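Take a look at the structure below.
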Amino acid sequence: MKATIKILYIVWLCAGLSGLLLCQSGRGKGRILGTVRNEGGNPIEGVKITAVHQESSTTFQTKSDKKGIWSILGLGTGNWKITAEHADYISLSTDQNVKQLGENPALDFVLKKAQKQTGGLEDQASIQLLEDGNRLFEEKKYDDALALFSQFLEKNPKFYQIHINIGNCHKEKGDYARALEEFATTLEAVKQEGPSPAANSIAAGANASIGEVYIKQNDLVSAQKYLTEAMTLNPENEDIAYLVGEIYFSNNNADKALEYFAQAIRINPASAKSYLKLGYVYLNKADYKASIDSFKKFLELDPSSAQAATVQNLIVQIEKLKKE
């Protein structure tokens with residue numbers, strides 16, 4: 001009888017522990033952090049950050065502070081879906097594999113204004129077309145996005161900004177000639193409207209997109225021209241600064257590449273990709289200490305990168321060069 005009671009107790013205990021473990025699934029000591037900025041590189045306060053564990057649906061939430069910084073503690077190991085939401089911006093989501101040991105890479109969101117391209121448009125149906133089109137574009141469903149952007153343009157022919165969206169769809173589909181036509185239409189409309197902060201921002205986007213088309217066509221001279229113009233119009237855009245740096249780096253102009261990668265880092269101090277390229281620039285300049293420092297910063301910001309092993313090996317090789 002006592003043996004039977006003991007067995008039943010063990011079964012009950014195991015069942016209880018199983019339930020407890022199930023309740024705690026998704027919880028642990030993991031930590032993720034990052035920033036939220038707008039397209040101008042400025043921090044956004046009050047963005048709701050939601051982390052959902054993909055296996056257990058355990059959910060954590062927080063909000064970004066005045067500096068756009070956010071962090072979440074207590075996450076368990078596994079895949080998490082991280083979403084940034086704000087009433088004035090288009091929501092963004094990303095997947096993150098969280099580890100318990102060591103630092104997890106920073107997640108830096110750049111949110112686009114939900115009403116930015118509508119110029120105060122109050123037609124909710126049109127706004128929904130725009131938002132759905134942007135979402136489909138992010139999902140790489142370019143034909144579907146193109147259909148919605150075209151519907152938006154039919155309803156709102158004066159909102160010339162949409163030509164950038166349409167052009168970007170053609171660019172990703174490989175129809176570069178059509179893409180350039182759409183971007184040129186945007187620039188002509190900006191010219192007719194006259195300079196203003198909003199118009200300059202739109203022109204910067206069009207010039208940057210033209211630059212990307214020329215990069216895809218390996219015409220780096222033309223790409224540099226348009227991306228430099230975009231940088232002049234919108235000097236606080238990390239992605240444009242990075243692209244200009246890449247072009248100068250491809251043209252073996254290490255000093256100018258260094259200038260623009262450093263500018264991208266100034267705009268976004270957590271730009272892992274910029275630190276990676278900065279490491280290669282310094283290596284080409286034989287500044288081994290600065291190269292190692294940049295590579296180590298890259299690994300600190302993005303330790304799970306597919307290039308992490310290569311960079312770690314490169315650091316070892318550079319250390320040997322320093323001793324020679």
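FYI, nothing fancy with the structure tokens labels: chains A, B, ... in order, residues from 1 per chain, ligands from 1 as they appear.
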
| said: Please extract the residues of range 71-186 of chain A with a backbone DSSP assignment of helix (DSSP H, G or I) and present them as a count of residues only. | reply: 55

| Residue neighbourhood Thr59 in chain A, 10 Å, only C-alpha atoms, exclusion window fewer than 4 positions, as a PyMOL selection string | chain A and resi 26-27+50-54+75+80-82

Residue subset to file, keeping C-alpha atoms, as a PDB file, in the first residue's frame:
ATOM      1  CA  GLY A  26       9.175  31.040 -22.975  1.00  0.00           C
ATOM      2  CA  ARG A  27      10.497  32.505 -19.740  1.00  0.00           C
ATOM      3  CA  THR A  50       5.751  43.256 -28.172  1.00  0.00           C
ATOM      4  CA  ALA A  51       7.719  40.001 -27.959  1.00  0.00           C
ATOM      5  CA  VAL A  52       5.790  36.752 -28.561  1.00  0.00           C
ATOM      6  CA  HIS A  53       7.397  33.336 -28.033  1.00  0.00           C
ATOM      7  CA  GLN A  54       6.576  31.313 -31.164  1.00  0.00           C
ATOM      8  CA  LEU A  75      12.838  35.854 -22.154  1.00  0.00           C
ATOM      9  CA  TRP A  80      10.434  35.248 -30.767  1.00  0.00           C
ATOM     10  CA  LYS A  81       8.414  37.598 -32.961  1.00  0.00           C
ATOM     11  CA  ILE A  82       9.202  41.209 -32.074  1.00  0.00           C
TER      12      ILE A  82
END

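Straight-line separation from CA of Gln263 in chain A to CA of Ser294 in chain A: 14.2 Å.
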
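Within the 7 Å cut-off around Phe295 in chain A, using only C-alpha atoms and omitting residues fewer than 4 positions from it on the same chain, the listed residues are Tyr275, Leu276, Gly279, Ser291, Leu299 and Val311 of chain A.
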
| task | One decimal, Å: what's the distance from CA of Gly46 in chain A over to CA of Gln61 in chain A, could you say? | result | 11.8 Å

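Taking only C-alpha atoms into account, Asn234 in chain A lies nearest to A:Gly40 out of the set A:Glu212, A:Gln151, A:Leu107, A:Gly40.
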
| message | So that I can check the surroundings of Gln192 in chain A, please list as a PyMOL selection string every protein, DNA and RNA residue that reaches within 12 Å of it, counting only C-alpha atoms and ignoring chain neighbours fewer than 5 positions away. | response | chain A and resi 160+185-187+199+203

Atoms to include: C-alpha atoms. Write the selected residues as a CSV table (one decimal), in the first residue's frame.
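Saved the output as again-v1.csv:
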chain,number,residue,atom,x,y,z
A,160,TYR,CA,2.9,62.0,-56.6
A,185,THR,CA,8.1,61.4,-62.4
A,186,THR,CA,8.5,62.0,-58.6
A,187,LEU,CA,11.5,64.3,-59.1
A,199,ALA,CA,9.5,67.9,-50.7
A,203,ALA,CA,13.2,64.0,-53.5

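For the set A:Val110, A:Ala208, A:Leu314, A:Leu129, the residue with the smallest atom-to-atom gap to Ala223 in chain A is A:Ala208, counting only C-alpha atoms.
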